$ cat structure-v4.pdb   # PDB, C-alpha atoms
ATOM      1  CA  MET A   1     194.641 112.635 150.430
ATOM      2  CA  THR A   2     194.090 115.852 152.367
ATOM      3  CA  GLY A   3     193.643 114.393 155.858
ATOM      4  CA  ARG A   4     190.268 116.132 155.995
ATOM      5  CA  LEU A   5     187.055 114.732 157.402
ATOM      6  CA  MET A   6     184.171 115.345 154.992
ATOM      7  CA  LEU A   7     180.665 115.430 156.477
ATOM      8  CA  LEU A   8     177.707 115.184 154.108
ATOM      9  CA  ASP A   9     174.343 116.722 154.927
ATOM     10  CA  THR A  10     172.889 113.781 153.053
ATOM     11  CA  ALA A  11     169.236 114.824 152.823
ATOM     12  CA  SER A  12     170.240 118.268 151.575
ATOM     13  CA  LEU A  13     172.281 116.618 148.829
ATOM     14  CA  TYR A  14     169.758 114.001 147.739
ATOM     15  CA  PHE A  15     167.031 116.649 147.584
ATOM     16  CA  ARG A  16     169.305 118.609 145.241
ATOM     17  CA  ALA A  17     170.006 115.467 143.235
ATOM     18  CA  TYR A  18     166.284 114.704 142.996
ATOM     19  CA  PHE A  19     165.449 118.131 141.597
ATOM     20  CA  GLY A  20     168.614 118.367 139.496
ATOM     21  CA  VAL A  21     168.483 114.985 137.726
ATOM     22  CA  PRO A  22     165.500 114.207 135.440
ATOM     23  CA  ASP A  23     163.036 111.624 136.776
ATOM     24  CA  SER A  24     163.436 109.844 133.434
ATOM     25  CA  VAL A  25     166.484 108.242 135.119
ATOM     26  CA  ARG A  26     164.860 105.002 136.188
ATOM     27  CA  ALA A  27     165.514 101.454 137.351
ATOM     28  CA  PRO A  28     164.840  98.531 134.983
ATOM     29  CA  ASP A  29     161.309  98.222 136.423
ATOM     30  CA  GLY A  30     160.586 101.905 135.734
ATOM     31  CA  THR A  31     161.048 103.182 139.313
ATOM     32  CA  PRO A  32     162.709 106.626 139.413
ATOM     33  CA  VAL A  33     166.256 106.510 140.781
ATOM     34  CA  ASN A  34     167.287 110.070 139.938
ATOM     35  CA  ALA A  35     168.045 110.954 143.578
ATOM     36  CA  VAL A  36     170.062 107.738 144.068
ATOM     37  CA  ARG A  37     172.201 108.147 140.974
ATOM     38  CA  GLY A  38     172.488 111.895 141.408
ATOM     39  CA  LEU A  39     173.773 111.490 144.971
ATOM     40  CA  LEU A  40     176.330 108.874 143.861
ATOM     41  CA  ASP A  41     177.532 111.292 141.187
ATOM     42  CA  PHE A  42     177.746 114.050 143.819
ATOM     43  CA  ILE A  43     179.831 111.897 146.166
ATOM     44  CA  ASP A  44     182.086 110.821 143.303
ATOM     45  CA  ARG A  45     182.737 114.445 142.358
ATOM     46  CA  LEU A  46     183.321 115.509 145.967
ATOM     47  CA  VAL A  47     185.843 112.724 146.587
ATOM     48  CA  ARG A  48     187.654 113.366 143.286
ATOM     49  CA  ASP A  49     187.857 117.125 143.798
ATOM     50  CA  HIS A  50     188.605 117.277 147.532
ATOM     51  CA  ARG A  51     190.203 113.921 148.413
ATOM     52  CA  PRO A  52     189.057 113.595 152.024
ATOM     53  CA  ALA A  53     190.667 110.949 154.200
ATOM     54  CA  LYS A  54     187.391 110.322 156.057
ATOM     55  CA  LEU A  55     183.772 110.596 154.980
ATOM     56  CA  VAL A  56     180.465 110.408 156.844
ATOM     57  CA  ALA A  57     176.980 110.552 155.341
ATOM     58  CA  CYS A  58     175.031 112.271 158.138
ATOM     59  CA  MET A  59     171.314 111.479 158.247
ATOM     60  CA  ASP A  60     168.131 112.948 159.722
ATOM     61  CA  ALA A  61     166.947 110.301 162.173
ATOM     62  CA  ASP A  62     164.426 112.943 163.243
ATOM     63  CA  TRP A  63     164.027 115.937 160.927
ATOM     64  CA  ARG A  64     161.898 117.847 163.487
ATOM     65  CA  PRO A  65     162.966 116.844 167.016
ATOM     66  CA  GLN A  66     160.298 117.247 169.665
ATOM     67  CA  TRP A  67     162.678 119.062 172.006
ATOM     68  CA  ARG A  68     163.004 121.825 169.427
ATOM     69  CA  VAL A  69     159.236 121.924 168.789
ATOM     70  CA  ASP A  70     158.596 122.159 172.534
ATOM     71  CA  LEU A  71     160.640 125.361 172.594
ATOM     72  CA  ILE A  72     159.326 126.886 169.333
ATOM     73  CA  PRO A  73     156.099 125.173 168.173
ATOM     74  CA  THR A  74     156.314 126.731 164.689
ATOM     75  CA  TYR A  75     159.650 124.996 164.054
ATOM     76  CA  LYS A  76     159.335 123.397 160.581
ATOM     77  CA  ALA A  77     155.571 123.119 161.171
ATOM     78  CA  HIS A  78     154.737 124.065 157.581
ATOM     79  CA  ARG A  79     156.637 121.009 156.313
ATOM     80  CA  VAL A  80     154.651 118.445 158.307
ATOM     81  CA  ALA A  81     152.695 116.060 156.089
ATOM     82  CA  GLU A  82     151.438 113.848 158.919
ATOM     83  CA  GLU A  83     151.743 114.063 162.702
ATOM     84  CA  HIS A  84     152.579 110.993 164.819
ATOM     85  CA  GLU A  85     152.160 110.610 168.560
ATOM     86  CA  GLY A  86     155.407 109.444 170.153
ATOM     87  CA  ALA A  87     157.282 109.203 166.844
ATOM     88  CA  PRO A  88     158.830 111.650 164.359
ATOM     89  CA  ASP A  89     156.303 113.496 162.197
ATOM     90  CA  THR A  90     156.287 112.694 158.498
ATOM     91  CA  GLU A  91     157.919 115.394 156.381
ATOM     92  CA  GLU A  92     156.291 116.564 153.172
ATOM     93  CA  VAL A  93     158.499 114.946 150.513
ATOM     94  CA  PRO A  94     157.825 114.326 146.800
ATOM     95  CA  ASP A  95     156.122 110.968 146.264
ATOM     96  CA  THR A  96     158.863 109.620 144.022
ATOM     97  CA  LEU A  97     161.683 110.656 146.376
ATOM     98  CA  THR A  98     160.509 108.857 149.519
ATOM     99  CA  PRO A  99     161.018 105.310 148.107
ATOM    100  CA  GLN A 100     164.537 106.224 146.992
ATOM    101  CA  VAL A 101     165.816 107.000 150.489
ATOM    102  CA  PRO A 102     166.061 103.332 151.640
ATOM    103  CA  VAL A 103     167.878 102.536 148.395
ATOM    104  CA  ILE A 104     170.363 105.339 149.072
ATOM    105  CA  GLU A 105     170.938 103.987 152.585
ATOM    106  CA  ALA A 106     171.439 100.418 151.357
ATOM    107  CA  VAL A 107     173.899 101.489 148.650
ATOM    108  CA  LEU A 108     175.956 103.643 151.037
ATOM    109  CA  ASP A 109     176.116 100.739 153.496
ATOM    110  CA  ALA A 110     177.189  98.259 150.819
ATOM    111  CA  VAL A 111     179.853 100.628 149.501
ATOM    112  CA  GLY A 112     181.151 101.055 153.047
ATOM    113  CA  ILE A 113     180.616 104.793 153.471
ATOM    114  CA  ALA A 114     179.886 105.537 157.123
ATOM    115  CA  ARG A 115     176.240 106.526 157.556
ATOM    116  CA  VAL A 116     175.155 108.045 160.873
ATOM    117  CA  GLY A 117     171.779 109.163 162.135
ATOM    118  CA  VAL A 118     170.886 109.399 165.826
ATOM    119  CA  ALA A 119     167.369 109.179 167.281
ATOM    120  CA  ASP A 120     165.892 112.543 168.320
ATOM    121  CA  TYR A 121     168.492 114.514 166.360
ATOM    122  CA  GLU A 122     168.807 116.100 162.937
ATOM    123  CA  ALA A 123     171.714 115.570 160.569
ATOM    124  CA  ASP A 124     172.876 119.095 161.494
ATOM    125  CA  ASP A 125     173.371 117.934 165.074
ATOM    126  CA  VAL A 126     175.306 114.850 163.965
ATOM    127  CA  ILE A 127     177.496 117.131 161.845
ATOM    128  CA  GLY A 128     177.943 119.536 164.760
ATOM    129  CA  THR A 129     179.079 116.742 167.061
ATOM    130  CA  PHE A 130     181.499 115.171 164.566
ATOM    131  CA  THR A 131     182.906 118.667 163.979
ATOM    132  CA  ALA A 132     183.301 119.355 167.710
ATOM    133  CA  ARG A 133     185.160 116.066 168.171
ATOM    134  CA  ALA A 134     187.357 116.345 165.061
ATOM    135  CA  ASP A 135     191.101 116.527 165.639
ATOM    136  CA  GLY A 136     191.811 117.866 162.151
ATOM    137  CA  PRO A 137     190.272 119.960 159.363
ATOM    138  CA  VAL A 138     186.634 119.417 158.360
ATOM    139  CA  ASP A 139     184.680 120.027 155.166
ATOM    140  CA  ILE A 140     180.894 120.204 155.657
ATOM    141  CA  VAL A 141     178.935 119.746 152.423
ATOM    142  CA  THR A 142     175.455 121.215 152.690
ATOM    143  CA  GLY A 143     172.924 123.400 150.951
ATOM    144  CA  ASP A 144     171.721 124.592 154.369
ATOM    145  CA  ARG A 145     173.157 127.928 155.496
ATOM    146  CA  ASP A 146     172.384 127.059 159.139
ATOM    147  CA  LEU A 147     175.669 125.167 159.236
ATOM    148  CA  TYR A 148     177.659 128.329 158.556
ATOM    149  CA  GLN A 149     177.692 128.653 162.341
ATOM    150  CA  LEU A 150     180.324 125.883 162.443
ATOM    151  CA  VAL A 151     182.852 127.699 160.223
ATOM    152  CA  ASP A 152     186.097 128.192 162.117
ATOM    153  CA  ASP A 153     189.288 129.201 160.310
ATOM    154  CA  ALA A 154     191.486 128.427 163.299
ATOM    155  CA  ARG A 155     190.373 124.793 163.237
ATOM    156  CA  GLY A 156     190.207 124.464 159.438
ATOM    157  CA  ILE A 157     186.419 124.015 159.422
ATOM    158  CA  ARG A 158     184.668 125.256 156.299
ATOM    159  CA  VAL A 159     181.344 124.725 154.551
ATOM    160  CA  LEU A 160     181.221 123.635 150.915
ATOM    161  CA  TYR A 161     177.955 125.152 149.740
ATOM    162  CA  PRO A 162     176.695 123.887 146.346
ATOM    163  CA  LEU A 163     175.863 126.686 143.931
ATOM    164  CA  LYS A 164     175.310 124.403 140.939
ATOM    165  CA  GLY A 165     175.316 120.655 141.493
ATOM    166  CA  VAL A 166     178.497 119.975 143.429
ATOM    167  CA  GLY A 167     180.798 120.959 140.593
ATOM    168  CA  THR A 168     180.495 124.599 141.612
ATOM    169  CA  LEU A 169     180.904 125.017 145.351
ATOM    170  CA  GLN A 170     181.228 128.110 147.489
ATOM    171  CA  LEU A 171     184.114 127.355 149.864
ATOM    172  CA  THR A 172     182.742 129.200 152.850
ATOM    173  CA  ASP A 173     185.294 130.397 155.375
ATOM    174  CA  GLU A 174     185.211 133.316 157.807
ATOM    175  CA  ALA A 175     186.229 135.817 155.120
ATOM    176  CA  VAL A 176     183.212 134.834 153.010
ATOM    177  CA  LEU A 177     180.882 135.101 156.023
ATOM    178  CA  ARG A 178     182.202 138.510 156.989
ATOM    179  CA  GLU A 179     181.822 139.758 153.412
ATOM    180  CA  LYS A 180     178.289 138.399 152.966
ATOM    181  CA  TYR A 181     176.844 138.742 156.469
ATOM    182  CA  GLY A 182     179.222 140.846 158.544
ATOM    183  CA  VAL A 183     179.774 138.051 161.079
ATOM    184  CA  ASP A 184     182.080 135.077 161.609
ATOM    185  CA  GLY A 185     180.959 131.495 162.143
ATOM    186  CA  ARG A 186     180.340 131.978 165.842
ATOM    187  CA  GLY A 187     178.142 135.009 165.120
ATOM    188  CA  TYR A 188     176.100 133.392 162.370
ATOM    189  CA  ALA A 189     173.745 131.530 164.724
ATOM    190  CA  ASP A 190     172.914 134.776 166.532
ATOM    191  CA  LEU A 191     172.347 136.505 163.191
ATOM    192  CA  ALA A 192     170.009 133.729 162.046
ATOM    193  CA  LEU A 193     168.143 133.774 165.360
ATOM    194  CA  LEU A 194     167.527 137.531 165.179
ATOM    195  CA  ARG A 195     166.725 137.570 161.466
ATOM    196  CA  GLY A 196     164.485 134.519 161.578
ATOM    197  CA  ASP A 197     164.098 131.889 158.896
ATOM    198  CA  PRO A 198     160.686 131.255 157.297
ATOM    199  CA  SER A 199     161.947 128.010 155.745
ATOM    200  CA  ASP A 200     162.463 126.626 159.268
ATOM    201  CA  GLY A 201     159.470 128.329 160.871
ATOM    202  CA  LEU A 202     161.664 130.581 163.013
ATOM    203  CA  PRO A 203     159.936 133.940 163.542
ATOM    204  CA  GLY A 204     163.014 135.975 164.438
ATOM    205  CA  VAL A 205     162.670 139.378 166.093
ATOM    206  CA  SER A 206     160.037 141.487 164.375
ATOM    207  CA  GLY A 207     161.570 144.412 162.523
ATOM    208  CA  ILE A 208     165.157 143.078 162.830
ATOM    209  CA  GLY A 209     166.337 142.036 159.396
ATOM    210  CA  GLU A 210     169.694 140.638 158.370
ATOM    211  CA  LYS A 211     171.498 143.983 158.021
ATOM    212  CA  THR A 212     170.181 145.349 161.304
ATOM    213  CA  ALA A 213     171.069 142.091 163.071
ATOM    214  CA  ALA A 214     174.627 142.305 161.700
ATOM    215  CA  LYS A 215     174.951 145.919 162.877
ATOM    216  CA  LEU A 216     173.696 145.050 166.351
ATOM    217  CA  LEU A 217     176.143 142.150 166.603
ATOM    218  CA  ALA A 218     178.992 144.385 165.450
ATOM    219  CA  GLU A 219     178.031 146.942 168.100
ATOM    220  CA  PHE A 220     177.345 144.633 171.048
ATOM    221  CA  GLY A 221     179.352 141.483 170.247
ATOM    222  CA  ASP A 222     176.787 138.724 170.576
ATOM    223  CA  LEU A 223     173.168 138.007 171.477
ATOM    224  CA  ALA A 224     173.853 138.292 175.203
ATOM    225  CA  GLY A 225     175.482 141.676 174.639
ATOM    226  CA  ILE A 226     172.496 142.884 172.622
ATOM    227  CA  MET A 227     170.005 141.819 175.296
ATOM    228  CA  ALA A 228     172.147 143.426 178.002
ATOM    229  CA  ALA A 229     172.011 146.642 175.973
ATOM    230  CA  VAL A 230     168.211 146.542 176.076
ATOM    231  CA  ASP A 231     168.449 147.092 179.846
ATOM    232  CA  ASP A 232     171.089 149.821 179.526
ATOM    233  CA  PRO A 233     169.557 153.246 178.915
ATOM    234  CA  GLN A 234     172.923 154.488 177.623
ATOM    235  CA  ALA A 235     173.237 151.771 174.953
ATOM    236  CA  LYS A 236     172.982 152.868 171.343
ATOM    237  CA  LEU A 237     169.644 151.287 170.480
ATOM    238  CA  THR A 238     166.819 153.106 168.728
ATOM    239  CA  PRO A 239     163.540 153.252 170.669
ATOM    240  CA  SER A 240     162.026 150.902 168.090
ATOM    241  CA  GLN A 241     164.844 148.353 168.421
ATOM    242  CA  ARG A 242     164.655 148.477 172.215
ATOM    243  CA  LYS A 243     160.886 147.947 172.119
ATOM    244  CA  ARG A 244     161.045 145.055 169.636
ATOM    245  CA  LEU A 245     163.847 143.284 171.472
ATOM    246  CA  THR A 246     162.019 143.709 174.776
ATOM    247  CA  GLU A 247     158.869 142.188 173.303
ATOM    248  CA  ALA A 248     160.935 139.317 171.837
ATOM    249  CA  ARG A 249     162.443 138.263 175.183
ATOM    250  CA  PRO A 250     160.432 135.004 175.438
ATOM    251  CA  TYR A 251     161.570 133.995 171.936
ATOM    252  CA  VAL A 252     165.185 135.044 172.533
ATOM    253  CA  ALA A 253     165.273 133.012 175.743
ATOM    254  CA  VAL A 254     164.555 129.703 173.997
ATOM    255  CA  ALA A 255     165.685 130.241 170.409
ATOM    256  CA  PRO A 256     169.433 129.659 170.934
ATOM    257  CA  LYS A 257     168.885 126.001 171.789
ATOM    258  CA  VAL A 258     166.745 125.588 168.673
ATOM    259  CA  VAL A 259     168.998 127.471 166.255
ATOM    260  CA  ARG A 260     172.394 126.251 167.414
ATOM    261  CA  VAL A 261     173.334 122.763 166.315
ATOM    262  CA  ALA A 262     173.976 120.276 169.088
ATOM    263  CA  ASP A 263     177.572 119.232 169.724
ATOM    264  CA  ASP A 264     176.904 116.493 172.275
ATOM    265  CA  VAL A 265     174.982 113.885 170.261
ATOM    266  CA  PRO A 266     175.691 110.283 171.402
ATOM    267  CA  LEU A 267     177.411 109.162 168.208
ATOM    268  CA  PRO A 268     177.868 105.461 167.493
ATOM    269  CA  ASP A 269     181.358 104.083 167.084
ATOM    270  CA  VAL A 270     181.880 104.001 163.304
ATOM    271  CA  ASP A 271     184.836 103.682 160.948
ATOM    272  CA  THR A 272     184.877 106.966 159.038
ATOM    273  CA  THR A 273     187.818 106.036 156.804
ATOM    274  CA  LEU A 274     187.072 106.507 153.113
ATOM    275  CA  PRO A 275     186.595 102.966 151.755
ATOM    276  CA  ARG A 276     188.869 101.720 148.977
ATOM    277  CA  THR A 277     186.750  98.698 148.082
ATOM    278  CA  PRO A 278     183.071  97.848 148.739
ATOM    279  CA  ARG A 279     182.193  96.511 152.167
ATOM    280  CA  ASP A 280     179.615  94.138 150.650
ATOM    281  CA  PRO A 281     180.536  93.440 147.000
ATOM    282  CA  ALA A 282     177.807  90.845 146.435
ATOM    283  CA  GLY A 283     175.124  92.992 148.014
ATOM    284  CA  LEU A 284     176.270  96.002 146.018
ATOM    285  CA  GLU A 285     176.194  94.040 142.782
ATOM    286  CA  ALA A 286     172.614  92.988 143.517
ATOM    287  CA  LEU A 287     171.597  96.574 144.298
ATOM    288  CA  ALA A 288     173.265  97.837 141.116
ATOM    289  CA  ALA A 289     171.346  95.314 139.017
ATOM    290  CA  ARG A 290     168.030  95.830 140.813
ATOM    291  CA  TRP A 291     168.120  99.613 140.589
ATOM    292  CA  GLY A 292     170.115 100.122 137.399
ATOM    293  CA  LEU A 293     172.838 102.176 139.058
ATOM    294  CA  GLY A 294     175.163 101.751 136.080
ATOM    295  CA  GLY A 295     177.852 104.348 135.462
ATOM    296  CA  SER A 296     177.064 106.405 138.559
ATOM    297  CA  LEU A 297     178.101 103.592 140.891
ATOM    298  CA  GLN A 298     181.020 102.454 138.738
ATOM    299  CA  ARG A 299     182.491 105.950 138.602
ATOM    300  CA  LEU A 300     182.296 106.242 142.397
ATOM    301  CA  LEU A 301     183.929 102.841 142.923
ATOM    302  CA  THR A 302     186.709 103.747 140.499
ATOM    303  CA  THR A 303     187.349 107.026 142.308
ATOM    304  CA  LEU A 304     187.375 105.332 145.708
ATOM    305  CA  GLY A 305     189.859 102.749 144.437
ATOM    306  CA  GLU A 306     192.322 105.296 143.067
TER     307      GLU A 306
END
$ encode --input "structure-v4.pdb" --output "structure tokens"
Amino acid sequence: MTGRLMLLDTASLYFRAYFGVPDSVRAPDGTPVNAVRGLLDFIDRLVRDHRPAKLVACMDADWRPQWRVDLIPTYKAHRVAEEHEGAPDTEEVPDTLTPQVPVIEAVLDAVGIARVGVADYEADDVIGTFTARADGPVDIVTGDRDLYQLVDDARGIRVLYPLKGVGTLQLTDEAVLREKYGVDGRGYADLALLRGDPSDGLPGVSGIGEKTAAKLLAEFGDLAGIMAAVDDPQAKLTPSQRKRLTEARPYVAVAPKVVRVADDVPLPDVDTTLPRTPRDPAGLEALAARWGLGGSLQRLLTTLGE
């Protein structure tokens, strides 16, 4: 056991499982369970390879929180399948994945793996809050680069970024971030804000790409330093950069709250200890039979029991 807390960006991982495992993997009644079994295989491999002491499956209780949309209306707008008044919008998800999510939740609960989602917050925010409160090292498993902002060598916080399944992971620390992006974890959120992210509907600052953003951050320290430079005639900004940053002031004023993960989510009181035995053996046995979870579940249970 490493003493580490492992936080799973669960949706990121079951999306990868869904697209990485053939949909010919089905329950006895013919229902696809490729995401369910793929995720169980992922968790098994992660526990075997990294031996965390604690594990939390972090969930999207709201994948597109209204408080973020209020600040930047384009936030994830292209992913909305159906809008709902007073409730989270429905995300565009493959038809055969949606029914698998409740099965995933039921299996995790029966195994006894802590599963946490909080109303009005994304899984990223749950991860950010667990990380802020952690009193030891943390491994964050995600296919979402947004969480690079949490990397902190001094606290032993790193991101395990899947390159192929979860057998090949990029162990992302500050050295990796500096090599790839020219920033550390703290600077990554500012880089992402300036650069923008079409996959999240974040426009960024027009004309400021990743390399330019990294250079500006190296020169002026952080976003506040860059914006202070806009008002300083002596600052080393090109006329074009000064003009674009000036025009982007309304975006820059609100974007930090959208881009930075929350660290003050009201988390429930949960036992994050890695389970040795199933919390609900009878319920788990019924789920295994109903959904044909077979070797995927057995391998995970064996690993947890070791």
$ atom_distance --input "structure-v4.pdb" --atom1 "atom CA of Gly117 of chain A" --atom2 "atom CA of Tyr14 of chain A"
15.3 Å
$ residues_around --input "structure-v4.pdb" --residues "Ser24 of chain A" --least-positions-apart "6" --cutoff "10 Å" --atoms "only C-alpha atoms" --output "PyMOL selection string"
chain A and resi 30-34
$ residues_around --input "structure-v4.pdb" --residues "Leu297 of chain A" --least-positions-apart "4" --cutoff "8 Å" --atoms "all atoms listed in the file" --output "PyMOL selection string"
chain A and resi 37+40-41+288+293+301
$ residues_near_point --input "structure-v4.pdb" --point "(173.3, 115.8, 146.1)" --cutoff "6 Å" --atoms "only C-alpha atoms" --output "list in words"
Leu13, Tyr14, Arg16, Ala17, Leu39 and Phe42 of chain A
$ write_last_selection --input "structure-v4.pdb" --atoms "C-alpha atoms" --output "mmCIF file, in the frame of the given file"
data_model
loop_
_atom_site.group_PDB
_atom_site.id
_atom_site.type_symbol
_atom_site.label_atom_id
_atom_site.label_comp_id
_atom_site.auth_asym_id
_atom_site.auth_seq_id
_atom_site.Cartn_x
_atom_site.Cartn_y
_atom_site.Cartn_z
ATOM 1 C CA LEU A 13 172.281 116.618 148.829
ATOM 2 C CA TYR A 14 169.758 114.001 147.739
ATOM 3 C CA ARG A 16 169.305 118.609 145.241
ATOM 4 C CA ALA A 17 170.006 115.467 143.235
ATOM 5 C CA LEU A 39 173.773 111.490 144.971
ATOM 6 C CA PHE A 42 177.746 114.050 143.819
#
$ axis_aligned_box --input "structure-v4.pdb" --around "segment 257-271 of chain A" --padding-each-side "3 Å" --output "lines of an AutoDock Vina configuration file"
center_x = 175.8
center_y = 115.6
center_z = 166.6
size_x = 24.1
size_y = 29.8
size_z = 17.3
$ atom_distance --input "structure-v4.pdb" --atom1 "atom CA of Thr238 of chain A" --atom2 "atom CA of Phe220 of chain A"
13.7 Å
$ resolve_selection --input "structure-v4.pdb" --expression "the PyMOL selection byres ((chain A and resi 275) around 9)" --output "PDB file with C-alpha atoms, in the frame of the given file"
ATOM      1  CA  LYS A  54     187.391 110.322 156.057  1.00  0.00           C
ATOM      2  CA  LEU A  55     183.772 110.596 154.980  1.00  0.00           C
ATOM      3  CA  VAL A 111     179.853 100.628 149.501  1.00  0.00           C
ATOM      4  CA  GLY A 112     181.151 101.055 153.047  1.00  0.00           C
ATOM      5  CA  ILE A 113     180.616 104.793 153.471  1.00  0.00           C
ATOM      6  CA  ALA A 114     179.886 105.537 157.123  1.00  0.00           C
ATOM      7  CA  THR A 272     184.877 106.966 159.038  1.00  0.00           C
ATOM      8  CA  THR A 273     187.818 106.036 156.804  1.00  0.00           C
ATOM      9  CA  LEU A 274     187.072 106.507 153.113  1.00  0.00           C
ATOM     10  CA  ARG A 276     188.869 101.720 148.977  1.00  0.00           C
ATOM     11  CA  THR A 277     186.750  98.698 148.082  1.00  0.00           C
ATOM     12  CA  PRO A 278     183.071  97.848 148.739  1.00  0.00           C
ATOM     13  CA  ARG A 279     182.193  96.511 152.167  1.00  0.00           C
ATOM     14  CA  LEU A 304     187.375 105.332 145.708  1.00  0.00           C
ATOM     15  CA  GLY A 305     189.859 102.749 144.437  1.00  0.00           C
TER      16      GLY A 305
END
$ residues_around --input "structure-v4.pdb" --residues "segment 130-139 of chain A" --least-positions-apart "3" --cutoff "7 Å" --atoms "only C-alpha atoms" --output "list in words"
Arg4, Leu5, Met6, Leu7, Val126, Ile127, Arg155, Gly156, Ile157, Arg158, Val159, Leu160 and Asp263 of chain A
$ atom_distance --input "structure-v4.pdb" --atom1 "atom CA of Val56 of chain A" --atom2 "atom CA of Val116 of chain A"
7.1 Å
$ closest_residue --input "structure-v4.pdb" --among "A:Leu46, A:Ala11, A:Ala175, A:Leu217" --to "Asp190 of chain A" --atoms "all atoms listed in the file"
A:Leu217
$ residues_around --input "structure-v4.pdb" --residues "Thr303 of chain A" --least-positions-apart "2" --cutoff "8 Å" --atoms "only C-alpha atoms" --output "PDB file with C-alpha atoms, in the frame of the given file"
ATOM      1  CA  ASP A  44     182.086 110.821 143.303  1.00  0.00           C
ATOM      2  CA  VAL A  47     185.843 112.724 146.587  1.00  0.00           C
ATOM      3  CA  ARG A  48     187.654 113.366 143.286  1.00  0.00           C
ATOM      4  CA  ARG A 299     182.491 105.950 138.602  1.00  0.00           C
ATOM      5  CA  LEU A 300     182.296 106.242 142.397  1.00  0.00           C
ATOM      6  CA  LEU A 301     183.929 102.841 142.923  1.00  0.00           C
ATOM      7  CA  GLY A 305     189.859 102.749 144.437  1.00  0.00           C
ATOM      8  CA  GLU A 306     192.322 105.296 143.067  1.00  0.00           C
TER       9      GLU A 306
END
$ closest_residue --input "structure-v4.pdb" --among "A:Ala154, A:Leu237, A:Ala228, A:Gly182" --to "Lys211 of chain A" --atoms "all atoms listed in the file"
A:Gly182
$ residues_around --input "structure-v4.pdb" --residues "Arg249 of chain A" --least-positions-apart "5" --cutoff "12 Å" --atoms "only C-alpha atoms" --output "VMD selection string"
chain A and resid 194 204 to 206 223 to 224 226 to 228 230 to 231 242 to 244 254 to 256
$ build_atoms --input "structure-v4.pdb" --residues "segment 253-257 of chain A" --atoms "all heavy atoms" --output "PDB file, in the frame of the given file"
ATOM      1  N   ALA A 253     164.866 133.885 174.640  1.00  0.00           N
ATOM      2  CA  ALA A 253     165.273 133.012 175.743  1.00  0.00           C
ATOM      3  C   ALA A 253     165.393 131.553 175.321  1.00  0.00           C
ATOM      4  O   ALA A 253     166.229 130.810 175.854  1.00  0.00           O
ATOM      5  CB  ALA A 253     164.277 133.138 176.896  1.00  0.00           C
ATOM      6  N   VAL A 254     164.565 131.125 174.374  1.00  0.00           N
ATOM      7  CA  VAL A 254     164.555 129.703 173.997  1.00  0.00           C
ATOM      8  C   VAL A 254     165.189 129.434 172.637  1.00  0.00           C
ATOM      9  O   VAL A 254     165.627 128.308 172.357  1.00  0.00           O
ATOM     10  CB  VAL A 254     163.114 129.143 173.995  1.00  0.00           C
ATOM     11  CG1 VAL A 254     162.511 129.230 175.384  1.00  0.00           C
ATOM     12  CG2 VAL A 254     162.223 129.867 172.985  1.00  0.00           C
ATOM     13  N   ALA A 255     165.247 130.452 171.797  1.00  0.00           N
ATOM     14  CA  ALA A 255     165.685 130.241 170.409  1.00  0.00           C
ATOM     15  C   ALA A 255     167.121 129.734 170.272  1.00  0.00           C
ATOM     16  O   ALA A 255     167.392 128.944 169.359  1.00  0.00           O
ATOM     17  CB  ALA A 255     165.490 131.523 169.600  1.00  0.00           C
ATOM     18  N   PRO A 256     168.067 130.154 171.127  1.00  0.00           N
ATOM     19  CA  PRO A 256     169.433 129.659 170.934  1.00  0.00           C
ATOM     20  C   PRO A 256     169.539 128.140 170.907  1.00  0.00           C
ATOM     21  O   PRO A 256     170.281 127.580 170.096  1.00  0.00           O
ATOM     22  CB  PRO A 256     170.191 130.252 172.130  1.00  0.00           C
ATOM     23  CG  PRO A 256     169.472 131.526 172.414  1.00  0.00           C
ATOM     24  CD  PRO A 256     168.014 131.190 172.187  1.00  0.00           C
ATOM     25  N   LYS A 257     168.794 127.459 171.773  1.00  0.00           N
ATOM     26  CA  LYS A 257     168.885 126.001 171.789  1.00  0.00           C
ATOM     27  C   LYS A 257     168.312 125.388 170.508  1.00  0.00           C
ATOM     28  O   LYS A 257     168.735 124.314 170.078  1.00  0.00           O
ATOM     29  CB  LYS A 257     168.148 125.425 173.016  1.00  0.00           C
ATOM     30  CG  LYS A 257     168.381 123.930 173.188  1.00  0.00           C
ATOM     31  CD  LYS A 257     167.814 123.402 174.484  1.00  0.00           C
ATOM     32  CE  LYS A 257     168.098 121.901 174.608  1.00  0.00           C
ATOM     33  NZ  LYS A 257     167.530 121.315 175.836  1.00  0.00           N
TER      34      LYS A 257
END
